[in-house]
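Here's the structure we're looking at; comments come further down.
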Amino acid sequence: MAKSSGRSPAGATRPAASDNSDGVEPESRERRFMRSALEILGETGRTDFTVLEVVERSKTSLRSFYQHFSTKDELLLALIDKIMSESTRSWRAATADLAPVAALRMLIDRICTPAETTKQDKVNRGLTNYNDRLAETLPREYARVLSPLHELIKDIINRGKADGSFRSDIDVDATAALIMQTALGAMRLHVLGAELSGVPVTVDHIYQFCIAALRAF
């Protein structure tokens, strides 16, 4: 299939000529694939669905799917990209005027607080459990998707270093990455903590762990 040099959100190249057999513009079809995947996740909480299931749900065609995404991994990466970019913009706005310690607390609360609905909980769990696969199969693209959140945490740490609330000798890049991965793994930690000690790992536990690495004593 001949393809142009343009890139989709998931990193898949766009075709030079699109299949308009279903009368939908390429951008709209791309959104329909992501919406269909999100619906399946919300119903099942699992990511072992097939490309064919997504295509049937979106009422399009396999040809149309593969014009936008080479694999299911790229579809899910595009979905995570959309969710993460929208969430990070919201988190940045919410923490912009807060002191660094309060900003970090709010950010961890927003990332780690359990979902309010069963559907959202299933989506969160499904995507969280898929993170390891994406990190293995599409490491560069997955890092790009996470980079806005990493940058936000770095900004909060740098603000804390500047006002003296965080240590001046912190390795900002590495520490921000560790805080990000700890927060994003919160659902796993919640379950694992309960199995290990009988006590779930809470948002407060995660915050206290992260802030201990930053505090100026």
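In the structure tokens, chains take letters A, B, ... by order of appearance, with residues numbered from 1 within each chain and ligands from 1 in the order shown.
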
Per residue of range 91-132 of chain A within 10 Å of range 154-160 of chain A, what are the shortest atom pair and its distance in Å to one decimal, counting only C-alpha atoms, with rows by chain and residue number, as JSON lines?
```
{"residue": "A:Arg92", "atom": "CA", "partner": "A:Ile156", "partner_atom": "CA", "distance": 9.6}
{"residue": "A:Thr95", "atom": "CA", "partner": "A:Ile156", "partner_atom": "CA", "distance": 8.6}
{"residue": "A:Ala96", "atom": "CA", "partner": "A:Ile156", "partner_atom": "CA", "distance": 8.8}
{"residue": "A:Leu98", "atom": "CA", "partner": "A:Ile156", "partner_atom": "CA", "distance": 9.5}
{"residue": "A:Ala99", "atom": "CA", "partner": "A:Gly160", "partner_atom": "CA", "distance": 7.9}
{"residue": "A:Pro100", "atom": "CA", "partner": "A:Gly160", "partner_atom": "CA", "distance": 5.1}
{"residue": "A:Val101", "atom": "CA", "partner": "A:Gly160", "partner_atom": "CA", "distance": 7.2}
{"residue": "A:Ala102", "atom": "CA", "partner": "A:Ile156", "partner_atom": "CA", "distance": 9.7}
{"residue": "A:Ala103", "atom": "CA", "partner": "A:Ile156", "partner_atom": "CA", "distance": 6.9}
{"residue": "A:Leu104", "atom": "CA", "partner": "A:Ile156", "partner_atom": "CA", "distance": 6.8}
{"residue": "A:Leu107", "atom": "CA", "partner": "A:Ile156", "partner_atom": "CA", "distance": 9.7}
```

Can you spit out the residues from that selection as an mmCIF file, in the first residue's frame, using N, CA, C and O atoms?
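After the write, again_25.cif holds the following:
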```cif
data_model
loop_
_atom_site.group_PDB
_atom_site.id
_atom_site.type_symbol
_atom_site.label_atom_id
_atom_site.label_comp_id
_atom_site.auth_asym_id
_atom_site.auth_seq_id
_atom_site.Cartn_x
_atom_site.Cartn_y
_atom_site.Cartn_z
ATOM 1 N N ARG A 92 -2.168 20.452 34.337
ATOM 2 C CA ARG A 92 -1.258 21.600 34.322
ATOM 3 C C ARG A 92 -2.009 22.876 34.708
ATOM 4 O O ARG A 92 -1.511 23.689 35.487
ATOM 5 N N THR A 95 -2.806 22.911 38.510
ATOM 6 C CA THR A 95 -1.669 23.038 39.435
ATOM 7 C C THR A 95 -0.830 24.286 39.211
ATOM 8 O O THR A 95 0.071 24.566 40.006
ATOM 9 N N ALA A 96 -1.131 25.047 38.173
ATOM 10 C CA ALA A 96 -0.268 26.168 37.782
ATOM 11 C C ALA A 96 -0.077 27.197 38.880
ATOM 12 O O ALA A 96 1.019 27.741 39.053
ATOM 13 N N LEU A 98 -0.567 26.753 42.181
ATOM 14 C CA LEU A 98 -0.338 26.172 43.512
ATOM 15 C C LEU A 98 1.142 26.158 43.855
ATOM 16 O O LEU A 98 1.996 26.101 42.965
ATOM 17 N N ALA A 99 1.443 26.177 45.149
ATOM 18 C CA ALA A 99 2.816 25.973 45.607
ATOM 19 C C ALA A 99 3.254 24.569 45.195
ATOM 20 O O ALA A 99 2.408 23.676 45.044
ATOM 21 N N PRO A 100 4.553 24.335 44.987
ATOM 22 C CA PRO A 100 5.015 23.042 44.474
ATOM 23 C C PRO A 100 4.533 21.826 45.262
ATOM 24 O O PRO A 100 4.131 20.824 44.654
ATOM 25 N N VAL A 101 4.562 21.891 46.587
ATOM 26 C CA VAL A 101 4.118 20.737 47.390
ATOM 27 C C VAL A 101 2.639 20.475 47.156
ATOM 28 O O VAL A 101 2.217 19.324 46.947
ATOM 29 N N ALA A 102 1.835 21.519 47.169
ATOM 30 C CA ALA A 102 0.396 21.366 46.934
ATOM 31 C C ALA A 102 0.125 20.905 45.502
ATOM 32 O O ALA A 102 -0.796 20.123 45.249
ATOM 33 N N ALA A 103 0.926 21.401 44.554
ATOM 34 C CA ALA A 103 0.761 21.001 43.158
ATOM 35 C C ALA A 103 1.027 19.516 42.987
ATOM 36 O O ALA A 103 0.289 18.813 42.277
ATOM 37 N N LEU A 104 2.089 19.018 43.633
ATOM 38 C CA LEU A 104 2.399 17.592 43.536
ATOM 39 C C LEU A 104 1.297 16.759 44.162
ATOM 40 O O LEU A 104 0.890 15.732 43.603
ATOM 41 N N LEU A 107 -1.680 16.699 41.805
ATOM 42 C CA LEU A 107 -1.413 15.889 40.622
ATOM 43 C C LEU A 107 -1.525 14.404 40.943
ATOM 44 O O LEU A 107 -2.160 13.641 40.204
#
```

_Spatial neighbours of Leu62 in chain A, 9 Å, only C-alpha atoms, chain gap at least 4 places, as a PyMOL selection string_ = chain A and resi 51-52+55-56+66-67

*Which neighbours of range 109-111 of chain A fall inside 8 Å, counting only C-alpha atoms, when residues of the same chain fewer than 3 positions from it are skipped, and could you give them as JSON, numbers by chain?*
{"A": [91, 105, 106, 183, 184, 203]}

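Among A:Tyr130, A:Tyr142, A:Phe33, A:Tyr207, the residue with the shortest atom-to-atom distance to Phe65 in chain A, counting only C-alpha atoms, is A:Phe33.
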
Pick out the residues sitting within 12 Å of Ala135 in chain A, and hand them over as a PDB file with C-alpha atoms, in the first residue's frame; count only C-alpha atoms, and ignore anything fewer than 4 positions along from it in its own chain.
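Saved as around-v8.pdb:
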```pdb
ATOM      1  CA  ASP A  73      -0.998  -1.587  19.558  1.00  0.00           C
ATOM      2  CA  GLU A  74      -0.930   1.586  17.479  1.00  0.00           C
ATOM      3  CA  LEU A  77      -1.332   3.997  21.756  1.00  0.00           C
ATOM      4  CA  THR A 128      -2.825   0.349  32.686  1.00  0.00           C
ATOM      5  CA  ASN A 129      -2.332  -3.361  32.163  1.00  0.00           C
ATOM      6  CA  TYR A 130      -1.445  -2.722  28.516  1.00  0.00           C
ATOM      7  CA  ASN A 131       1.278  -0.196  29.326  1.00  0.00           C
ATOM      8  CA  PRO A 139       8.994   2.261  23.238  1.00  0.00           C
ATOM      9  CA  ARG A 140       9.824   5.496  21.424  1.00  0.00           C
ATOM     10  CA  GLU A 141       6.208   6.301  20.605  1.00  0.00           C
ATOM     11  CA  TYR A 142       5.068   5.366  24.117  1.00  0.00           C
ATOM     12  CA  ALA A 143       7.718   7.642  25.644  1.00  0.00           C
ATOM     13  CA  ARG A 144       6.457  10.472  23.434  1.00  0.00           C
ATOM     14  CA  VAL A 145       2.913   9.932  24.714  1.00  0.00           C
ATOM     15  CA  LEU A 146       4.096  10.121  28.332  1.00  0.00           C
ATOM     16  CA  GLN A 181       5.656   5.621  36.886  1.00  0.00           C
TER      17      GLN A 181
END
```

*Give me the residues within 9 Å of Leu75 in chain A as number ranges by chain, counting only C-alpha atoms and dropping any in the same chain fewer than 5 places off.*
A: 9-10, 30, 33-34, 37, 68-70, 80

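Comparing A:Leu196, A:Val54, A:Val123, A:Met180 by their smallest distance to Leu152 in chain A, the closest is A:Met180 (using only C-alpha atoms).
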
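Atom pair CA of Arg133 in chain A / CA of Arg188 in chain A has a distance of 15.1 Å (rounded to one decimal).
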
_Length of the CA of Gly45 in chain A to CA of Gly126 in chain A vector [Å]_ = 4.9 Å

*Expected answer as number ranges by chain: helix (DSSP H, G or I) residues in range 134-178 of chain A*: A: 134-137, 139-163, 172-178

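The residues of chain A that DSSP assigns to strand (DSSP E) on this backbone come out as Lys3, Ser4, Ser5, Gly6, Arg7, Thr13, Arg14 and Pro15 of chain A.
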
Dump of N, CA and C atoms for the selected residues, as an mmCIF file, in the first residue's frame:
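Final output, saved to selection_21.cif:
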```cif
data_model
loop_
_atom_site.group_PDB
_atom_site.id
_atom_site.type_symbol
_atom_site.label_atom_id
_atom_site.label_comp_id
_atom_site.auth_asym_id
_atom_site.auth_seq_id
_atom_site.Cartn_x
_atom_site.Cartn_y
_atom_site.Cartn_z
ATOM 1 N N LYS A 3 2.022 4.864 0.799
ATOM 2 C CA LYS A 3 1.690 5.746 1.908
ATOM 3 C C LYS A 3 2.520 7.012 1.830
ATOM 4 N N SER A 4 1.933 8.108 2.346
ATOM 5 C CA SER A 4 2.643 9.374 2.381
ATOM 6 C C SER A 4 3.514 9.430 3.615
ATOM 7 N N SER A 5 4.215 10.551 3.807
ATOM 8 C CA SER A 5 5.100 10.684 4.962
ATOM 9 C C SER A 5 4.398 11.243 6.173
ATOM 10 N N GLY A 6 3.073 11.577 6.083
ATOM 11 C CA GLY A 6 2.353 12.085 7.245
ATOM 12 C C GLY A 6 2.211 11.018 8.301
ATOM 13 N N ARG A 7 2.013 11.460 9.556
ATOM 14 C CA ARG A 7 1.909 10.510 10.651
ATOM 15 C C ARG A 7 0.576 10.652 11.363
ATOM 16 N N THR A 13 1.630 5.709 9.338
ATOM 17 C CA THR A 13 1.614 6.634 8.216
ATOM 18 C C THR A 13 0.242 6.679 7.584
ATOM 19 N N ARG A 14 -0.104 7.835 7.042
ATOM 20 C CA ARG A 14 -1.380 7.997 6.360
ATOM 21 C C ARG A 14 -1.221 7.621 4.894
ATOM 22 N N PRO A 15 -2.264 7.087 4.268
ATOM 23 C CA PRO A 15 -2.178 6.722 2.862
ATOM 24 C C PRO A 15 -2.239 7.952 1.970
#
```
